[in-house]
Structures are given as structure tokens and as C-alpha cells.
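Data block for model31.cif (mmCIF, C-alpha atoms):
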```cif
data_target
#
loop_
_atom_site.label_atom_id
_atom_site.label_comp_id
_atom_site.auth_asym_id
_atom_site.auth_seq_id
_atom_site.Cartn_x
_atom_site.Cartn_y
_atom_site.Cartn_z
CA MET U 1 124.47 119.75 126.88
CA THR U 2 125.23 116.08 126.24
CA GLU U 3 128.01 114.94 124.03
CA ILE U 4 128.72 113.95 120.48
CA GLU U 5 131.95 112.02 120.20
CA LEU U 6 133.79 110.68 117.17
CA SER U 7 136.99 108.64 117.68
CA ALA U 8 139.25 108.10 114.66
CA VAL U 9 136.30 107.85 112.27
CA THR U 10 137.05 107.05 108.64
CA VAL U 11 134.31 106.62 106.04
CA GLU U 12 135.27 105.08 102.72
CA PHE U 13 132.94 104.96 99.73
CA PRO U 14 133.78 102.84 96.66
CA ALA U 15 135.16 105.84 94.73
CA ARG U 16 136.55 108.06 97.50
CA THR U 17 137.30 108.50 101.18
CA ALA U 18 134.65 110.84 102.57
CA LEU U 19 135.99 111.18 106.14
CA ARG U 20 139.59 110.60 107.23
CA ASP U 21 140.47 109.81 110.82
CA VAL U 22 138.09 112.35 112.39
CA SER U 23 138.15 112.67 116.17
CA VAL U 24 136.13 115.30 117.99
CA ARG U 25 134.09 115.82 121.17
CA LEU U 26 131.25 118.32 121.08
CA HIS U 27 128.94 119.57 123.80
CA GLU U 28 127.91 123.00 122.46
CA ARG U 29 124.25 123.60 121.63
CA ARG U 30 124.68 124.99 118.11
CA ILE U 31 127.40 123.34 116.05
CA ALA U 32 128.14 124.62 112.53
CA VAL U 33 129.87 122.38 110.00
CA ILE U 34 131.44 124.21 107.05
CA GLY U 35 133.65 123.33 104.10
CA SER U 36 133.72 123.17 100.32
CA ASN U 37 131.57 120.83 98.23
CA GLY U 38 132.72 117.24 98.78
CA SER U 39 134.69 118.19 101.92
CA GLY U 40 132.88 115.67 104.13
CA LYS U 41 130.29 117.94 105.82
CA SER U 42 127.29 115.85 104.80
CA THR U 43 129.03 112.56 105.54
CA PHE U 44 129.89 113.84 109.02
CA ALA U 45 126.25 114.85 109.56
CA ARG U 46 125.00 111.49 108.27
CA THR U 47 127.26 109.47 110.57
CA LEU U 48 125.49 111.10 113.52
CA ASN U 49 122.21 109.30 112.88
CA GLY U 50 123.53 106.16 111.26
CA LEU U 51 122.68 107.03 107.66
CA VAL U 52 126.38 106.43 106.99
CA THR U 53 128.30 103.68 108.76
CA PRO U 54 131.97 104.40 109.59
CA THR U 55 134.45 102.07 107.91
CA THR U 56 136.65 102.36 111.02
CA GLY U 57 136.38 104.28 114.28
CA GLU U 58 133.56 104.89 116.74
CA VAL U 59 130.68 107.34 117.00
CA ARG U 60 128.71 108.08 120.17
CA VAL U 61 125.77 110.46 120.08
CA HIS U 62 124.41 111.23 123.52
CA GLY U 63 125.90 107.91 124.65
CA ILE U 64 124.29 105.91 121.84
CA ASP U 65 126.08 104.03 119.06
CA PRO U 66 124.27 105.07 115.83
CA VAL U 67 125.04 101.76 114.11
CA ARG U 68 124.36 99.20 116.86
CA GLN U 69 121.52 101.10 118.58
CA SER U 70 119.91 102.64 115.49
CA ARG U 71 116.30 102.29 116.66
CA GLN U 72 117.05 103.96 119.99
CA LEU U 73 119.12 106.65 118.28
CA ARG U 74 116.46 107.69 115.78
CA ARG U 75 114.09 108.60 118.58
CA ARG U 76 116.80 110.91 119.95
CA VAL U 77 118.24 112.33 116.73
CA GLY U 78 116.15 114.05 114.06
CA PHE U 79 117.56 114.67 110.59
CA VAL U 80 116.56 117.49 108.23
CA PHE U 81 117.68 117.02 104.61
CA SER U 82 118.42 119.83 102.16
CA ASN U 83 115.70 118.97 99.64
CA PRO U 84 112.32 119.21 101.36
CA ASP U 85 110.64 117.22 98.55
CA THR U 86 112.54 114.06 99.40
CA GLN U 87 111.48 114.15 103.06
CA ILE U 88 107.74 114.04 102.55
CA ILE U 89 106.52 110.50 103.00
CA MET U 90 102.77 110.79 103.54
CA PRO U 91 100.17 112.51 101.31
CA THR U 92 98.92 115.31 103.55
CA VAL U 93 100.63 117.72 105.95
CA ALA U 94 99.03 116.30 109.12
CA GLU U 95 99.60 112.69 108.03
CA ASP U 96 103.27 113.38 107.31
CA ALA U 97 103.76 114.94 110.75
CA ALA U 98 101.88 112.02 112.36
CA PHE U 99 104.10 109.51 110.55
CA SER U 100 106.99 110.34 112.91
CA LEU U 101 104.91 109.08 115.85
CA ARG U 102 104.32 105.60 114.40
CA GLY U 103 105.22 102.76 116.70
CA ARG U 104 105.27 104.90 119.86
CA GLY U 105 102.16 103.33 121.34
CA LEU U 106 100.12 106.56 121.24
CA SER U 107 96.35 106.53 120.74
CA ARG U 108 94.90 108.21 117.64
CA ALA U 109 93.55 111.03 119.81
CA GLU U 110 97.00 111.61 121.34
CA VAL U 111 98.61 111.59 117.88
CA ARG U 112 96.06 114.11 116.55
CA GLU U 113 96.60 116.33 119.60
CA ARG U 114 100.39 116.28 119.22
CA VAL U 115 100.17 116.86 115.47
CA ALA U 116 97.85 119.84 115.96
CA ALA U 117 100.19 121.33 118.60
CA ALA U 118 103.29 120.77 116.45
CA LEU U 119 101.70 122.29 113.33
CA ASP U 120 100.48 125.24 115.36
CA ARG U 121 103.96 125.80 116.80
CA ILE U 122 105.53 125.91 113.35
CA GLY U 123 102.70 127.90 111.73
CA LEU U 124 101.27 125.23 109.43
CA SER U 125 97.90 124.58 111.15
CA GLU U 126 95.84 125.97 108.27
CA TYR U 127 97.48 123.48 105.88
CA ALA U 128 96.87 120.38 108.04
CA ASP U 129 94.61 118.67 105.47
CA SER U 130 96.39 120.04 102.39
CA PRO U 131 98.40 117.78 100.10
CA ALA U 132 101.99 118.19 101.31
CA HIS U 133 103.40 118.55 97.80
CA THR U 134 101.33 121.67 97.12
CA LEU U 135 103.17 123.61 99.86
CA SER U 136 105.86 126.14 98.95
CA GLY U 137 109.54 125.17 99.40
CA GLY U 138 109.77 127.03 102.70
CA GLN U 139 106.56 125.48 104.01
CA LYS U 140 107.79 122.00 103.01
CA GLN U 141 111.03 122.57 104.92
CA LEU U 142 109.00 123.76 107.92
CA LEU U 143 106.93 120.57 107.62
CA ALA U 144 110.15 118.52 107.53
CA LEU U 145 111.27 120.30 110.70
CA CYS U 146 107.86 119.74 112.27
CA ALA U 147 108.07 116.03 111.42
CA VAL U 148 111.45 115.91 113.18
CA LEU U 149 110.50 117.96 116.25
CA ILE U 150 107.20 116.15 116.89
CA GLY U 151 109.27 113.12 117.90
CA GLU U 152 110.92 115.27 120.61
CA PRO U 153 114.54 114.49 119.69
CA SER U 154 117.38 115.78 121.83
CA LEU U 155 119.58 116.48 118.78
CA VAL U 156 118.60 117.87 115.37
CA VAL U 157 121.04 117.35 112.49
CA ALA U 158 120.35 119.61 109.51
CA ASP U 159 122.20 119.12 106.23
CA GLU U 160 122.00 122.34 104.20
CA PRO U 161 118.41 123.03 105.34
CA THR U 162 118.24 126.38 103.54
CA ALA U 163 119.84 125.32 100.25
CA TYR U 164 116.57 125.18 98.29
CA LEU U 165 114.89 128.19 99.91
CA ASP U 166 114.52 131.87 99.06
CA ALA U 167 115.90 134.56 101.38
CA ALA U 168 112.71 135.03 103.43
CA ASN U 169 112.18 131.30 103.99
CA SER U 170 115.91 130.81 104.76
CA ARG U 171 115.64 133.45 107.49
CA ARG U 172 112.48 131.80 108.84
CA ILE U 173 114.08 128.34 109.02
CA ALA U 174 117.34 129.76 110.42
CA ARG U 175 115.51 131.71 113.13
CA PHE U 176 113.64 128.59 114.13
CA LEU U 177 116.71 126.33 114.17
CA LEU U 178 119.14 128.75 115.82
CA ASP U 179 116.97 130.84 118.13
CA GLU U 180 113.65 129.16 118.90
CA MET U 181 114.47 125.46 119.03
CA PRO U 182 115.83 124.29 122.40
CA GLN U 183 117.46 121.10 121.07
CA GLN U 184 121.15 120.65 120.31
CA LEU U 185 121.77 121.40 116.62
CA VAL U 186 124.38 120.22 114.12
CA LEU U 187 124.10 122.44 111.05
CA ALA U 188 126.03 121.54 107.90
CA THR U 189 125.93 124.67 105.76
CA HIS U 190 127.52 126.77 103.04
CA ASP U 191 125.82 129.84 104.51
CA LEU U 192 128.61 131.38 106.58
CA GLY U 193 126.16 133.89 108.07
CA LEU U 194 124.30 131.00 109.68
CA ALA U 195 127.54 129.34 110.77
CA ALA U 196 128.61 132.60 112.45
CA ARG U 197 125.51 132.45 114.68
CA CYS U 198 126.48 129.04 116.09
CA ASP U 199 128.47 128.36 119.27
CA ILE U 200 131.25 126.42 117.53
CA ALA U 201 132.27 125.82 113.92
CA LEU U 202 133.98 122.75 112.47
CA ARG U 203 135.67 123.02 109.10
CA PHE U 204 136.19 120.01 106.87
CA GLU U 205 138.43 119.81 103.81
CA ASP U 206 139.02 116.67 101.76
CA GLY U 207 137.40 114.53 104.46
CA GLN U 208 139.58 115.89 107.27
CA LEU U 209 138.61 118.06 110.20
CA VAL U 210 141.07 120.88 109.57
CA ASP U 211 139.84 123.61 111.92
CA GLN U 212 137.46 124.08 114.84
CA GLY U 213 136.61 126.65 117.47
CA ASP U 214 134.78 129.97 117.76
CA PRO U 215 132.89 130.49 114.50
CA ALA U 216 134.28 133.97 113.67
CA PRO U 217 138.01 133.04 113.42
CA VAL U 218 137.25 129.63 111.82
CA ILE U 219 135.12 131.34 109.15
CA ALA U 220 137.74 134.08 108.62
CA ARG U 221 140.48 131.47 108.03
CA TYR U 222 138.15 129.54 105.70
CA GLU U 223 137.35 132.65 103.67
CA HIS U 224 141.04 133.59 103.54
CA ASP U 225 141.98 130.14 102.22
CA GLN U 226 139.17 130.28 99.65
CA ASP U 227 140.40 133.68 98.44
CA GLN U 228 143.92 132.26 98.03
CA GLU U 229 142.72 129.48 95.71
CA MET L 1 97.66 115.65 93.69
CA ILE L 2 96.09 112.24 94.06
CA SER L 3 94.99 112.88 97.67
CA LEU L 4 91.54 114.32 96.94
CA TYR L 5 90.18 114.66 100.48
CA ARG L 6 88.02 117.73 101.04
CA PRO L 7 87.45 118.45 104.71
CA GLY L 8 83.79 118.56 105.72
CA ASP L 9 81.24 117.50 108.31
CA SER L 10 78.62 115.69 106.20
CA VAL L 11 77.14 112.27 106.96
CA LEU L 12 79.47 110.79 104.36
CA HIS L 13 82.51 112.45 105.97
CA ARG L 14 81.54 111.02 109.34
CA LEU L 15 81.00 107.44 108.10
CA PRO L 16 83.92 105.16 109.04
CA ALA L 17 86.26 104.32 106.13
CA GLY L 18 85.88 100.52 106.37
CA PRO L 19 82.08 100.31 105.96
CA LYS L 20 82.26 103.05 103.31
CA LEU L 21 84.72 100.98 101.27
CA LEU L 22 82.55 97.87 101.64
CA VAL L 23 79.41 99.75 100.52
CA VAL L 24 81.23 101.16 97.49
CA MET L 25 82.51 97.72 96.53
CA ALA L 26 78.99 96.27 96.81
CA LEU L 27 77.47 99.17 94.81
CA ALA L 28 80.18 98.89 92.13
CA LEU L 29 79.37 95.20 91.76
CA ALA L 30 75.61 95.89 91.61
CA ILE L 31 76.06 98.65 89.00
CA SER L 32 78.28 96.41 86.86
CA LEU L 33 75.80 93.51 86.95
CA ALA L 34 72.62 95.57 86.52
CA PRO L 35 70.81 95.18 83.15
CA ALA L 36 71.42 97.82 80.47
CA ASN L 37 68.15 99.57 81.22
CA PRO L 38 68.13 103.36 80.61
CA TRP L 39 65.94 103.99 83.67
CA SER L 40 68.11 102.03 86.09
CA LEU L 41 71.27 103.67 84.68
CA ALA L 42 69.70 107.14 85.01
CA GLY L 43 68.59 106.28 88.56
CA THR L 44 72.10 105.14 89.54
CA THR L 45 73.67 108.28 88.04
CA LEU L 46 71.24 110.49 89.95
CA ALA L 47 71.89 108.56 93.16
CA VAL L 48 75.66 109.06 92.85
CA ALA L 49 75.18 112.78 92.02
CA GLY L 50 72.94 112.94 95.11
CA GLY L 51 75.83 111.50 97.14
CA TYR L 52 78.02 114.43 96.05
CA LEU L 53 75.30 116.88 97.10
CA LEU L 54 74.88 115.07 100.42
CA ALA L 55 78.64 115.40 101.00
CA GLY L 56 78.32 119.15 100.43
CA LEU L 57 80.55 118.99 97.34
CA GLY L 58 78.02 120.59 94.98
CA ALA L 59 76.85 119.78 91.46
CA VAL L 60 79.88 121.55 89.96
CA GLU L 61 82.17 118.94 91.55
CA VAL L 62 80.18 116.12 89.90
CA GLY L 63 80.69 117.86 86.55
CA ARG L 64 84.40 118.46 87.24
CA GLN L 65 85.02 114.82 88.19
CA ALA L 66 83.07 113.59 85.13
CA TRP L 67 84.96 115.99 82.79
CA ARG L 68 88.27 114.50 83.94
CA LEU L 69 87.10 111.18 82.47
CA ARG L 70 86.53 112.57 78.96
CA TRP L 71 89.54 110.81 77.37
CA LEU L 72 88.63 107.52 78.99
CA VAL L 73 85.07 107.92 77.65
CA LEU L 74 86.40 108.67 74.17
CA VAL L 75 88.62 105.55 74.17
CA MET L 76 85.77 103.39 75.49
CA VAL L 77 83.33 104.67 72.89
CA LEU L 78 85.81 104.22 70.02
CA CYS L 79 86.62 100.68 71.11
CA GLN L 80 82.98 99.58 71.24
CA VAL L 81 80.92 101.71 68.90
CA PHE L 82 81.59 99.63 65.76
CA PHE L 83 80.92 96.27 67.40
CA LEU L 84 78.10 96.73 69.92
CA PRO L 85 74.58 98.17 69.86
CA GLY L 86 74.31 101.82 70.92
CA LEU L 87 72.43 101.08 74.15
CA THR L 88 75.07 98.58 75.31
CA VAL L 89 77.90 101.05 74.56
CA ALA L 90 76.09 103.82 76.47
CA ALA L 91 75.37 101.45 79.38
CA ASN L 92 79.03 100.34 79.59
CA VAL L 93 80.30 103.93 79.52
CA VAL L 94 77.77 105.11 82.11
CA ARG L 95 78.60 102.16 84.40
CA VAL L 96 82.34 102.95 84.32
CA ILE L 97 81.75 106.69 84.89
CA VAL L 98 79.36 106.04 87.77
CA VAL L 99 81.71 103.55 89.47
CA ILE L 100 84.68 105.95 89.15
CA LEU L 101 82.58 108.86 90.47
CA LEU L 102 81.53 106.65 93.38
CA ALA L 103 85.15 105.74 94.17
CA ASN L 104 86.11 109.42 93.94
CA LEU L 105 83.28 110.27 96.35
CA VAL L 106 84.95 107.98 98.90
CA THR L 107 88.37 109.61 98.48
CA LEU L 108 86.81 113.09 98.56
CA THR L 109 85.13 112.38 101.90
CA THR L 110 87.73 110.14 103.59
CA ARG L 111 91.22 111.03 104.83
CA THR L 112 93.95 108.96 103.17
CA GLU L 113 95.11 108.03 106.66
CA ASP L 114 91.67 106.52 107.46
CA LEU L 115 91.51 104.67 104.14
CA VAL L 116 94.97 103.21 104.66
CA ASP L 117 94.09 102.23 108.25
CA ALA L 118 90.94 100.48 106.98
CA ILE L 119 92.95 98.57 104.37
CA GLU L 120 95.53 97.68 107.03
CA ARG L 121 92.77 96.26 109.26
CA ALA L 122 91.25 94.35 106.34
CA LEU L 123 94.62 92.77 105.60
CA SER L 124 95.36 91.81 109.21
CA PRO L 125 94.10 88.17 108.78
CA LEU L 126 96.85 87.75 106.15
CA ARG L 127 99.45 88.22 108.90
CA ARG L 128 99.32 84.42 109.39
CA LEU L 129 100.50 84.02 105.79
CA GLY L 130 103.50 86.24 106.44
CA VAL L 131 101.99 89.46 105.04
CA ASN L 132 102.85 92.56 107.09
CA PRO L 133 99.72 94.81 106.87
CA SER L 134 101.60 97.88 108.19
CA ARG L 135 104.17 97.57 105.41
CA VAL L 136 101.41 97.22 102.78
CA ALA L 137 99.63 100.28 104.22
CA LEU L 138 102.87 102.28 104.24
CA MET L 139 103.55 101.24 100.65
CA LEU L 140 100.07 102.42 99.61
CA SER L 141 100.53 105.79 101.33
CA MET L 142 103.95 106.28 99.77
CA THR L 143 102.60 105.38 96.33
CA ILE L 144 99.91 108.04 96.73
CA THR L 145 102.55 110.56 97.84
CA THR L 146 105.03 109.72 95.09
CA ILE L 147 102.72 109.99 92.06
CA PRO L 148 102.67 113.83 92.06
CA VAL L 149 106.43 113.89 92.68
CA ILE L 150 107.10 111.80 89.58
CA ALA L 151 104.59 113.90 87.62
CA GLY L 152 106.64 116.93 88.75
CA PHE L 153 109.86 115.29 87.45
CA ALA L 154 108.19 114.66 84.09
CA ALA L 155 107.11 118.31 83.88
CA GLN L 156 110.67 119.48 84.79
CA ILE L 157 112.20 117.30 82.05
CA ARG L 158 109.73 118.55 79.45
CA GLU L 159 110.42 122.17 80.48
CA ALA L 160 114.19 121.61 80.28
CA GLN L 161 113.79 120.05 76.81
CA ARG L 162 111.55 122.89 75.61
CA ALA L 163 113.99 125.49 77.00
CA ARG L 164 116.72 123.93 74.84
CA GLY L 165 114.43 123.65 71.82
CA VAL L 166 114.45 119.84 71.88
CA PRO L 167 111.41 118.19 70.26
CA LEU L 168 109.61 115.51 72.28
CA ALA L 169 111.95 112.48 72.12
CA PRO L 170 110.76 109.41 74.06
CA LEU L 171 114.24 108.13 74.99
CA ALA L 172 115.50 111.57 76.03
CA PHE L 173 112.42 111.81 78.22
CA VAL L 174 112.31 108.31 79.75
CA VAL L 175 116.02 108.01 80.67
CA PRO L 176 116.25 111.17 82.83
CA LEU L 177 112.82 110.39 84.31
CA LEU L 178 114.08 106.95 85.37
CA ILE L 179 117.29 108.40 86.81
CA MET L 180 115.40 111.11 88.76
CA THR L 181 112.90 108.53 90.03
CA LEU L 182 115.66 106.17 91.19
CA LYS L 183 117.50 109.05 92.89
CA HIS L 184 114.24 110.06 94.57
CA SER L 185 113.71 106.50 95.82
CA ASP L 186 117.25 106.54 97.30
CA ASP L 187 116.56 109.85 99.05
CA LEU L 188 113.18 108.61 100.25
CA ALA L 189 114.85 105.49 101.68
CA ASP L 190 117.23 107.77 103.63
CA ALA L 191 114.28 109.86 104.84
CA LEU L 192 112.50 106.68 106.00
CA THR L 193 115.63 105.48 107.79
CA ALA L 194 116.09 108.89 109.43
CA ARG L 195 112.50 108.69 110.70
CA GLY L 196 113.04 105.29 112.24
CA ILE L 197 111.60 102.99 109.53
CA ASP L 198 114.19 100.36 108.56
#
```
Entire entry expressed as C-alpha cells:
Amino acid sequence: MTEIELSAVTVEFPARTALRDVSVRLHERRIAVIGSNGSGKSTFARTLNGLVTPTTGEVRVHGIDPVRQSRQLRRRVGFVFSNPDTQIIMPTVAEDAAFSLRGRGLSRAEVRERVAAALDRIGLSEYADSPAHTLSGGQKQLLALCAVLIGEPSLVVADEPTAYLDAANSRRIARFLLDEMPQQLVLATHDLGLAARCDIALRFEDGQLVDQGDPAPVIARYEHDQDQE
Amino acid sequence: MISLYRPGDSVLHRLPAGPKLLVVMALALAISLAPANPWSLAGTTLAVAGGYLLAGLGAVEVGRQAWRLRWLVLVMVLCQVFFLPGLTVAANVVRVIVVILLANLVTLTTRTEDLVDAIERALSPLRRLGVNPSRVALMLSMTITTIPVIAGFAAQIREAQRARGVPLAPLAFVVPLLIMTLKHSDDLADALTARGID
């Protein structure tokens, strides 16, 4: 698996420092990112596809600089947000999936073929012509995933992808992300059950990377510290 | 949802979006300029209703689309009835209804994607003047997508107000709606960036 590398990355927002001097090299397939609200999980995830620019330090994702080579990076890195409603850009399910293929020089027939295959893979074929906003929360998140995967990225970054979903849809999305999808995954989550199924866990607190390693002991220490507070 | 497309295989579904738009524009112009003759108005109405049947949408759909215009009809009638002869008022109302039904027939039988592509092609000569047709097309698509989202925000705010027993207060409605809409536009900008549109 190719590498994600952060060297002394600090991200400062006007009111707070979101990441402080974070350095890490990752090559595992499933990477969990845990921590309290405001700990820096989402900022870390967003630096990986250039949605957030580091104030200082360097980021390399599969050899690409997310800031200087943003166009190249976004073909390699897909991003799934927590709220599925904010990810839908086009009116219907098929059109939204097809939107990710814009500017790739594909013919309309090729786009339709790839959209049909992608919707079939994720179980949304019957909704292809439906207005995307009439889907359930779980179906919208599946559509968001479909829109990411249709571009064939090598890394998928998911920021709390199950936060808005019920238990059944959470399990469906988790199964897809963790078990069925072959791509490398960075999963920022509060769901420690999901984090436990990853290959490595990173724990952030107050913008700092405070713990990393096998998920089970990292989660145990996190839960212990939370209980102490 | 503003995207009204109903999948089908009728002649109207198979017609390309560009010519369909041109025909509708020409018909809308003809209907607007036609004399206020009851026979020609009845003929036009029947022709448009026939279009719905040809598209396999059924007579019920014509009725449903016309019923949605009831408030518009009421406003139009009230604005004209005291100043214009009855036949002119009826002709004006029928013209507007028929043109809207005709436009709806296009959206019911054409994918949004095809409509937007047709508009993008039509705008391509403006590239020389610095207009980017792809950007205009994307903006149109996003407008269509965002209308139900903002309607959803409005419904959420009203529900939250009702749950707290707050009577309808314009300011307490507009301010959160604006904030939610601006937050949504920020999130949408992130989603566009994440999908490679800068």
C-alpha cells in the first residue's frame, strides 16, 4: 500500500490551532482516526485532499502534494463527508454519479456505462433516474460513496460517514468501506467499533497526534482517559 | 423536487433536447401572439393535452400540473378581472397555463442532464465574449438541485418553531434560513472542490 506522509504539519485557523506539529507515515489499508470533538480529526482528514492547507509543514499523499498538485490529487483521493445532503451536486442519482467523471474525456456512452456499473455495484440501480434528494439518508451516503468510487481513486477519506445514519445503514456503509472496498481508507470516526476494525488507529487530542498503533490498545487508552475526565 | 423527469420511451422522450426547446420557445411565442379567439385557445389547450397523452403521461397528469397553477390563476384573475373584458382575461389565463404546461411537458420528458447539455451547446458561441458555458450549465444544475434543499431547510425551521410554540415570525424564520443556506453553500463548495471542481 502506498504512503501518506505528514511532516511537522500545523494548521492554524483564525480562532484556534487545529493541528499542531503532526508528523506521521502511514501505509496500512484501513486507517482509523479517533478523538474528541474539536481534536483535529476532521482537519487531519481534510489536509489529505487539500480541503485544508497546512500553515506550516508538508503533506504527501501517494507522492502527491495536495496543495500544489490539487487537480492530480483529486483524481486519486475521494472524500466522503458526514452529511450526505451537502455532497449531492446534481439533480438525479445517475447525474450526480456521472458528475465525478466530468473532464475525463469519456464519451457519453462510456459515462453511462460506468455510471450503470457503479450504481449496480452499490445497489442503487433502481433509483438511477430518481431525484437524489428523495433518497433516504443511507441511500444518499451510498450515492456519495458511489460518486467517489466511480472516479477510481486509490485513497478514500471518510469524515464521520455514519454520523447521520441509523444502525442498519451505518452497518451497510461500514461493511462497504471496511470489507468490500479495495482502496486505502482513512476513516475519521467517533464510532470506536468501526475504528477497532481498522488496521491502525491514530488518536488526536487538542490538535496533537497523541497515540497511534494497533486499534485495540489505542482505543482502550482513549476510553480509559475519557472515563477519567 | 424540481427535477420532474419521468422515464419513458415515447416519441417526445426520444426527441433531442435542443430541438425540443426550440419548438417549445416557438410555440410559446405563437400562443402568446395568437388572437383571443375561444376556438384557437381551445385548440391549443387540446393540442398540449394531446402532447401529454403522446408522452404516455395520461390525462390525470395534465390535471395535476394544471391544479398546481391554481394560485397563479387566482392572482392573475384578481389582477385583471376589474379592468379587462372577460374574454381577454380568460385568454390571458389560458395562454399562461398552456405555456407552463408545455414547458413542464419538456421537463417531464427530458433528463435534466440533456437539457443542461443543450443549453451549454446553445451558449457555446458566447465563449468568445468570455462566457464559460460549462460553468453556466453547472450553475443551472446546481440551482435545480439546491431548490429542494432550501425548501427542506424552511420546513425544518418551521417545524422547530412549531415544536417550541413560536408563532410565525418573519425575522425568526429568515435569519436561520439565511444562515443554513450560507452554511450549505460552504459545504457544497467543499464538495465541489473534493470532486475536482475548483
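The two atoms in question, CA of Asp227 in chain U and CA of Ala168 in chain U, are spaced 28.2 Å apart.
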- Query: Would you list which chain L residues are within 6 Å of chain U using only C-alpha atoms, as an MDAnalysis selection string?
  - Reply: chainID L and resid 141:142 145 187:188 191 196
- Item | Computed interatomic separation between CA of Leu102 in chain L and CA of Ser40 in chain L (Å) | 16.0 Å
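When all atoms listed in the file are used to compute distances to Thr110 in chain L, the closest of the residues L:Arg164, L:Arg6, L:Arg158, L:Arg95 turns out to be L:Arg6.
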- Explicit residues for the PyMOL selection byres ((chain L and resi 96-100) around 8) (as a ChimeraX atom specification): /L:28,31,44-45,48,66,69,92-95,101-104
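Within the 8 Å cut-off around Ile122 in chain U, using only C-alpha atoms and omitting residues fewer than 2 positions from it on the same chain, the listed residues are Ala118, Leu119, Asp120, Leu124, Leu142, Leu143 and Cys146 of chain U.
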- Query: Can you tell me how far CA of Leu135 in chain U sits from CA of Asp179 in chain U, in Å to one decimal?
  - Reply: 24.0 Å
- List every protein, DNA or RNA residue that has an atom no more than 12 Å from (118.2, 126.0, 106.0) in the file's coordinate frame, counting only C-alpha atoms, and report them as a PyMOL selection string. chain U and resi 32+80-84+137-142+144-145+157-178+186-195
Using the partial input, fill out range 32-39 of chain U with all heavy atoms; write the result as a compact mmCIF listing (two decimals), in the coordinates of the input.
```txt
# COMPACT_ATOMS: atom_id res chain seq x y z
N ALA U 32 128.14 124.40 113.99
CA ALA U 32 128.14 124.62 112.53
C ALA U 32 129.21 123.72 111.91
O ALA U 32 130.27 123.51 112.49
CB ALA U 32 128.44 126.07 112.23
N VAL U 33 128.89 123.18 110.73
CA VAL U 33 129.87 122.38 110.00
C VAL U 33 130.02 123.03 108.63
O VAL U 33 129.05 123.12 107.87
CB VAL U 33 129.39 120.92 109.85
CG1 VAL U 33 130.46 120.06 109.18
CG2 VAL U 33 129.01 120.33 111.21
N ILE U 34 131.23 123.52 108.33
CA ILE U 34 131.44 124.21 107.05
C ILE U 34 132.53 123.52 106.24
O ILE U 34 133.26 122.67 106.77
CB ILE U 34 131.79 125.71 107.28
CG1 ILE U 34 133.08 125.86 108.10
CG2 ILE U 34 130.64 126.43 107.96
CD1 ILE U 34 133.58 127.30 108.19
N GLY U 35 132.64 123.91 104.99
CA GLY U 35 133.65 123.33 104.10
C GLY U 35 133.16 123.36 102.67
O GLY U 35 131.98 123.59 102.41
N SER U 36 134.08 123.13 101.74
CA SER U 36 133.72 123.17 100.32
C SER U 36 132.83 121.99 99.96
O SER U 36 132.67 121.06 100.76
CB SER U 36 134.98 123.10 99.46
OG SER U 36 136.04 123.73 100.10
N ASN U 37 132.33 122.00 98.71
CA ASN U 37 131.57 120.83 98.23
C ASN U 37 132.47 119.60 98.26
O ASN U 37 133.64 119.68 97.86
CB ASN U 37 131.12 121.07 96.78
CG ASN U 37 129.95 122.02 96.71
OD1 ASN U 37 129.16 122.13 97.64
ND2 ASN U 37 129.85 122.74 95.60
N GLY U 38 131.95 118.49 98.75
CA GLY U 38 132.72 117.24 98.78
C GLY U 38 133.76 117.20 99.89
O GLY U 38 134.62 116.33 99.91
N SER U 39 133.67 118.14 100.86
CA SER U 39 134.69 118.19 101.92
C SER U 39 134.44 117.16 103.01
O SER U 39 135.35 116.84 103.79
CB SER U 39 134.71 119.59 102.54
OG SER U 39 133.42 119.88 103.08
```
